[in-house]
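Chemist: What follows is data_21.cif; its format and atoms are mmCIF, C-alpha atoms.
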```
data_model
#
loop_
_atom_site.label_atom_id
_atom_site.label_comp_id
_atom_site.auth_asym_id
_atom_site.auth_seq_id
_atom_site.Cartn_x
_atom_site.Cartn_y
_atom_site.Cartn_z
CA MET A 1 51.63 268.52 41.01
CA THR A 2 48.18 267.19 41.84
CA LYS A 3 45.00 269.22 41.41
CA GLN A 4 44.67 269.39 45.20
CA GLN A 5 48.15 270.86 45.53
CA LEU A 6 47.40 273.44 42.85
CA VAL A 7 44.22 274.38 44.71
CA VAL A 8 46.35 275.03 47.81
CA LEU A 9 48.61 277.37 45.81
CA TYR A 10 45.65 279.24 44.33
CA ALA A 11 43.98 279.52 47.74
CA VAL A 12 47.09 280.89 49.45
CA SER A 13 47.62 283.44 46.66
CA ILE A 14 44.00 284.61 46.69
CA ILE A 15 43.94 284.92 50.49
CA ALA A 16 47.17 286.94 50.46
CA VAL A 17 45.83 289.32 47.80
CA MET A 18 42.55 289.75 49.67
CA ALA A 19 44.42 290.37 52.95
CA ALA A 20 46.36 293.21 51.29
CA PHE A 21 43.08 295.04 50.65
CA PHE A 22 42.18 294.88 54.34
CA LEU A 23 45.51 296.27 55.53
CA LYS A 24 45.84 299.96 56.22
CA PRO A 25 47.81 301.85 53.55
CA ILE A 26 51.57 301.61 54.11
CA THR A 27 53.33 304.89 53.44
CA GLN A 28 57.04 305.17 52.73
CA ASP A 29 58.91 305.81 55.99
CA GLN A 30 61.40 308.61 55.30
CA ASN A 31 63.74 307.15 57.92
CA TYR A 32 64.24 304.29 55.48
CA HIS A 33 66.66 306.53 53.59
CA GLN A 34 68.89 306.97 56.65
CA PHE A 35 71.55 304.26 56.53
CA SER A 36 74.16 303.76 59.21
CA ASP A 37 77.13 303.93 56.83
CA SER A 38 77.28 307.22 54.94
CA VAL A 39 81.05 307.32 54.38
CA THR A 40 82.21 309.15 51.26
CA LEU A 41 85.17 307.62 49.41
CA PHE A 42 86.59 308.67 46.04
CA SER A 43 83.96 311.43 45.97
CA VAL A 44 81.17 308.80 46.07
CA PRO A 45 78.71 309.35 48.94
CA ASN A 46 77.51 306.23 50.78
CA PHE A 47 80.39 304.46 49.05
CA TRP A 48 80.00 300.95 50.44
CA ASN A 49 76.24 300.87 49.94
CA VAL A 50 76.81 301.94 46.33
CA ILE A 51 79.76 299.71 45.46
CA SER A 52 78.28 296.60 47.08
CA ASN A 53 75.79 296.50 44.18
CA VAL A 54 78.51 295.63 41.66
CA PRO A 55 77.98 291.84 42.13
CA PHE A 56 74.44 292.24 40.76
CA ILE A 57 75.84 293.78 37.58
CA ILE A 58 78.48 291.08 37.16
CA ILE A 59 76.05 288.22 37.77
CA GLY A 60 73.44 289.80 35.50
CA ILE A 61 75.94 290.02 32.64
CA LEU A 62 77.27 286.49 33.21
CA GLY A 63 73.74 285.12 33.32
CA LEU A 64 72.66 286.87 30.13
CA VAL A 65 75.77 285.72 28.27
CA LYS A 66 75.13 282.16 29.45
CA ILE A 67 71.44 282.06 28.55
CA VAL A 68 71.75 283.83 25.19
CA SER A 69 74.38 281.29 24.15
CA ILE A 70 72.03 278.36 24.77
CA LYS A 71 69.82 277.12 21.96
CA ASP A 72 66.13 277.76 22.38
CA PHE A 73 64.44 276.17 25.38
CA SER A 74 60.93 276.72 26.67
CA LEU A 75 61.77 279.16 29.50
CA LYS A 76 64.58 281.07 27.80
CA THR A 77 62.69 284.38 27.81
CA ASN A 78 61.91 283.96 31.53
CA TYR A 79 65.60 283.45 32.30
CA ILE A 80 66.58 286.45 30.19
CA TRP A 81 64.13 288.68 32.04
CA PHE A 82 65.43 287.42 35.39
CA PHE A 83 69.07 288.20 34.64
CA THR A 84 68.08 291.51 33.03
CA GLY A 85 66.30 292.41 36.28
CA ILE A 86 69.39 291.47 38.28
CA LEU A 87 71.63 293.56 36.02
CA LEU A 88 69.32 296.57 36.27
CA THR A 89 69.02 296.10 40.05
CA GLY A 90 72.77 296.65 40.32
CA PHE A 91 72.51 299.99 38.52
CA GLY A 92 69.20 301.01 40.10
CA SER A 93 70.23 300.22 43.66
CA GLY A 94 73.61 301.89 43.15
CA TYR A 95 71.86 305.01 41.86
CA TYR A 96 69.48 305.03 44.80
CA HIS A 97 72.21 304.68 47.40
CA TYR A 98 74.24 307.45 45.75
CA ASN A 99 71.39 309.82 46.62
CA PRO A 100 68.73 308.08 48.74
CA ASP A 101 65.25 309.58 48.48
CA ASN A 102 61.79 308.57 47.28
CA THR A 103 62.53 309.46 43.66
CA THR A 104 65.70 307.42 43.31
CA LEU A 105 64.09 304.58 45.29
CA ILE A 106 61.78 304.01 42.33
CA TRP A 107 64.78 302.95 40.23
CA ASP A 108 65.88 300.56 42.99
CA ARG A 109 62.52 298.84 43.33
CA LEU A 110 61.47 298.76 39.68
CA PRO A 111 64.11 296.25 38.50
CA MET A 112 63.63 294.21 41.67
CA THR A 113 60.01 293.58 40.71
CA ILE A 114 61.26 292.32 37.34
CA SER A 115 63.55 289.89 39.15
CA PHE A 116 60.91 288.75 41.66
CA MET A 117 58.19 288.11 39.11
CA SER A 118 60.35 286.51 36.43
CA PHE A 119 61.91 284.27 39.10
CA LEU A 120 58.46 283.13 40.19
CA SER A 121 57.56 282.38 36.58
CA VAL A 122 60.74 280.30 36.27
CA ILE A 123 59.84 278.32 39.41
CA ILE A 124 56.37 277.65 38.02
CA GLY A 125 57.89 276.59 34.70
CA GLU A 126 60.55 274.35 36.20
CA PHE A 127 58.54 272.72 38.98
CA ILE A 128 54.92 272.78 37.77
CA ASN A 129 54.52 273.28 34.03
CA ALA A 130 56.78 274.96 31.46
CA SER A 131 53.87 276.25 29.38
CA ALA A 132 52.30 277.85 32.44
CA GLY A 133 55.59 279.51 33.31
CA LYS A 134 55.80 280.98 29.80
CA ARG A 135 52.19 282.18 29.78
CA LEU A 136 52.44 283.82 33.19
CA LEU A 137 55.71 285.70 32.57
CA TYR A 138 54.33 288.91 31.07
CA PRO A 139 51.19 289.13 33.22
CA MET A 140 53.45 288.78 36.26
CA LEU A 141 55.91 291.39 34.99
CA ILE A 142 53.06 293.81 34.31
CA THR A 143 51.62 293.17 37.78
CA GLY A 144 55.00 293.97 39.32
CA LEU A 145 55.30 297.21 37.36
CA LEU A 146 51.74 298.18 38.33
CA SER A 147 52.62 297.74 42.01
CA ILE A 148 55.36 300.36 41.56
CA ALA A 149 53.00 302.68 39.67
CA TYR A 150 50.42 302.31 42.44
CA TRP A 151 53.01 303.24 45.07
CA ILE A 152 54.14 306.29 43.06
CA LEU A 153 50.56 307.52 42.58
CA THR A 154 49.21 306.80 46.09
CA ASP A 155 52.26 306.54 48.39
CA ASP A 156 50.86 303.16 49.42
CA LEU A 157 53.29 300.23 49.58
CA ARG A 158 50.78 297.45 50.29
CA PHE A 159 50.87 295.99 46.80
CA TYR A 160 54.61 296.37 46.36
CA ALA A 161 55.02 294.47 49.65
CA LEU A 162 52.67 291.82 48.26
CA ILE A 163 54.77 291.53 45.10
CA GLN A 164 57.91 291.15 47.19
CA PHE A 165 56.74 288.60 49.76
CA LEU A 166 53.93 286.57 48.15
CA PRO A 167 56.30 285.03 45.56
CA ILE A 168 58.53 283.80 48.39
CA LEU A 169 55.57 282.09 50.06
CA VAL A 170 54.38 280.57 46.78
CA ILE A 171 57.89 279.39 45.91
CA LEU A 172 58.25 277.71 49.31
CA LEU A 173 54.98 275.86 48.76
CA ILE A 174 55.98 274.80 45.25
CA LEU A 175 59.34 273.49 46.46
CA PHE A 176 57.61 271.53 49.22
CA LEU A 177 54.86 270.10 47.04
CA SER A 178 56.43 269.52 43.64
CA LYS A 179 58.11 266.21 42.85
CA LYS A 180 59.75 267.50 39.66
CA GLU A 181 63.47 268.29 39.26
CA GLN A 182 64.40 267.02 42.72
CA ARG A 183 68.13 267.16 41.95
CA TYR A 184 67.97 270.92 41.41
CA LYS A 185 65.89 271.89 44.41
CA LYS A 186 68.93 272.52 46.64
CA TYR A 187 69.82 275.58 44.57
CA PHE A 188 66.41 277.11 45.14
CA TRP A 189 66.34 276.33 48.86
CA LEU A 190 69.71 278.07 49.18
CA ILE A 191 68.38 281.04 47.19
CA ILE A 192 65.55 281.37 49.72
CA VAL A 193 68.07 281.20 52.57
CA SER A 194 70.24 283.90 50.98
CA TYR A 195 67.16 286.13 50.67
CA ALA A 196 66.28 285.55 54.34
CA VAL A 197 69.85 286.39 55.40
CA ALA A 198 69.72 289.54 53.28
CA LYS A 199 66.49 290.70 54.94
CA PHE A 200 67.99 289.97 58.39
CA LEU A 201 71.09 292.06 57.60
CA GLU A 202 68.90 294.86 56.26
CA GLY A 203 66.93 294.91 59.52
CA TYR A 204 70.12 295.07 61.61
CA ASP A 205 71.96 297.62 59.50
CA THR A 206 73.18 299.74 62.43
CA ALA A 207 73.85 296.82 64.78
CA VAL A 208 76.15 295.16 62.24
CA TYR A 209 77.90 298.49 61.63
CA GLN A 210 78.57 298.84 65.34
CA ILE A 211 79.63 295.19 65.81
CA THR A 212 82.18 295.53 62.97
CA ASN A 213 83.55 298.72 64.53
CA GLU A 214 82.07 300.75 61.65
CA MET A 215 83.95 298.78 59.01
CA ILE A 216 80.86 297.63 57.12
CA SER A 217 77.13 297.99 57.65
CA GLY A 218 74.34 295.46 57.61
CA HIS A 219 72.91 297.06 54.50
CA SER A 220 76.13 296.69 52.52
CA LEU A 221 76.32 293.04 53.56
CA LYS A 222 72.66 292.71 52.65
CA HIS A 223 73.53 293.51 49.05
CA LEU A 224 76.20 290.80 49.01
CA ALA A 225 73.88 288.23 50.58
CA ALA A 226 71.09 289.15 48.15
CA ALA A 227 73.48 288.87 45.18
CA PHE A 228 74.41 285.37 46.28
CA GLY A 229 70.88 284.29 45.34
CA PRO A 230 71.18 285.10 41.61
CA PHE A 231 74.70 283.67 41.69
CA LEU A 232 73.22 280.37 42.86
CA PHE A 233 70.63 280.62 40.09
CA TYR A 234 73.45 281.15 37.60
CA LYS A 235 75.20 278.02 38.94
CA PHE A 236 71.91 276.12 38.61
CA ALA A 237 71.57 277.22 34.98
CA ASP A 238 75.20 276.34 34.31
CA ARG A 239 74.65 272.82 35.60
CA LYS A 240 71.25 272.34 33.97
CA PHE A 241 72.46 273.36 30.52
CA LYS A 242 75.76 271.56 30.40
CA PRO A 243 76.20 269.70 27.08
CA GLU A 244 75.41 266.31 28.59
CA HIS A 245 71.94 267.54 29.56
#
```
Just give me the structure of the file as structure tokens.
Modeler:
Amino acid sequence: MTKQQLVVLYAVSIIAVMAAFFLKPITQDQNYHQFSDSVTLFSVPNFWNVISNVPFIIIGILGLVKIVSIKDFSLKTNYIWFFTGILLTGFGSGYYHYNPDNTTLIWDRLPMTISFMSFLSVIIGEFINASAGKRLLYPMLITGLLSIAYWILTDDLRFYALIQFLPILVILLILFLSKKEQRYKKYFWLIIVSYAVAKFLEGYDTAVYQITNEMISGHSLKHLAAAFGPFLFYKFADRKFKPEH
């Protein structure tokens, strides 16, 4: 990337962070815990919202097995953290949906920040500079964890929201601007699409539940759509690290 393009990325990031300070504090809406599908099956409350997290666990394990088996490469630790975050998201989200409240929600959001921030570091490493991706991994992970700590201490979600949505904006810009690894970009565009679909389904949880005659809710489908993103990343890694590469 050119210096001018990097300046654009820095400027967008700085503006977004500054904007967060000017927003009013965002408290956790307690209605967030009220999902349309609360069916209990096999003595598991909110069964479908719980069980729909299993794909995260499977993909997390598959990804870790794949990456650990590969000889050292510059971003190996970044990949490991990403798939670890995905694995833990499966357990954390399942735990939250078993008993949805503010306390269990912590264990849903904590591993997601690991996934978001390590994924951003991978994008930086793959499409800008591998050394930068390595250097930024732990500062980004710590920033994500601090956003959760800030929410717990202040009941203010502004910085967690920033951690969730700013990486998407930055990743979009990087994919647009970078000329590196053009053959792999389709995987990352599809990952962004899967994330957008997941957020749409989350927003229309009840509507989807009604449209499907209460067979499955938007939130359960959201988990499946969201899990498709890391599955695509796994397929990307599988292709990138085939023996001929």
Chemist: Quick one: everything within 10 Å of segment 19-30 of chain A, counting all atoms listed in the file, minus sequence neighbours fewer than 2 positions away in the same chain. Send it as a PyMOL selection string.
Modeler: chain A and resi 13-17+32-34+100-102+151+154-162
Chemist: Compare A:Ile86, A:Val170, A:Val193, A:Leu75 by their minimum atom-to-atom distance to Ala130 of chain A, counting only C-alpha atoms, and give me the closest one.
Modeler: A:Leu75
Chemist: I'd like to know which of A:Pro230, A:Pro45, A:Gly203, A:Pro139 is closest to Gly90 of chain A, using all atoms listed in the file.
Modeler: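 Closest to Gly90 of chain A, using all atoms listed in the file: A:Pro230.
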Chemist: My list of candidates is A:Ser131, A:Asn53, A:Ser217, A:Thr143. Which is closest to Leu201 of chain A when distances are computed with all atoms listed in the file?
Modeler: A:Ser217
Chemist: Under the rule that all atoms listed in the file are counted, which of A:Val50, A:Ile106, A:Leu224, A:Ile80 is the nearest residue to Ser118 of chain A?
Modeler: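 That would be A:Ile80, the residue with the smallest distance to Ser118 of chain A.
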Chemist: With all atoms listed in the file as the basis for distance, which of A:Val39, A:Met140, A:Ala196, A:Val8 is at the shortest distance from Tyr209 of chain A?
Modeler: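 Of the candidates, the smallest distance to Tyr209 of chain A is held by A:Val39.
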Chemist: Taking the file above as input, evaluate the PyMOL selection byres ((chain A and resi 59) around 8) and report the hits as a short mmCIF file (atom, residue, chain, number, x, y, z; two decimals) with C-alpha atoms, keeping the file's coordinate frame.
Modeler:
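Below is the file part05.cif, written as the result:
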```cif
data_model
loop_
_atom_site.label_atom_id
_atom_site.label_comp_id
_atom_site.auth_asym_id
_atom_site.auth_seq_id
_atom_site.Cartn_x
_atom_site.Cartn_y
_atom_site.Cartn_z
CA PRO A 55 77.98 291.84 42.13
CA PHE A 56 74.44 292.24 40.76
CA ILE A 57 75.84 293.78 37.58
CA ILE A 58 78.48 291.08 37.16
CA GLY A 60 73.44 289.80 35.50
CA ILE A 61 75.94 290.02 32.64
CA LEU A 62 77.27 286.49 33.21
CA GLY A 63 73.74 285.12 33.32
CA PHE A 83 69.07 288.20 34.64
CA ILE A 86 69.39 291.47 38.28
CA LEU A 87 71.63 293.56 36.02
CA ALA A 227 73.48 288.87 45.18
CA PRO A 230 71.18 285.10 41.61
CA PHE A 231 74.70 283.67 41.69
CA TYR A 234 73.45 281.15 37.60
#
```
Chemist: Between atom CA of Ser43 of chain A and atom CA of Thr104 of chain A, what is the spacing in Å?
Modeler: 18.9 Å
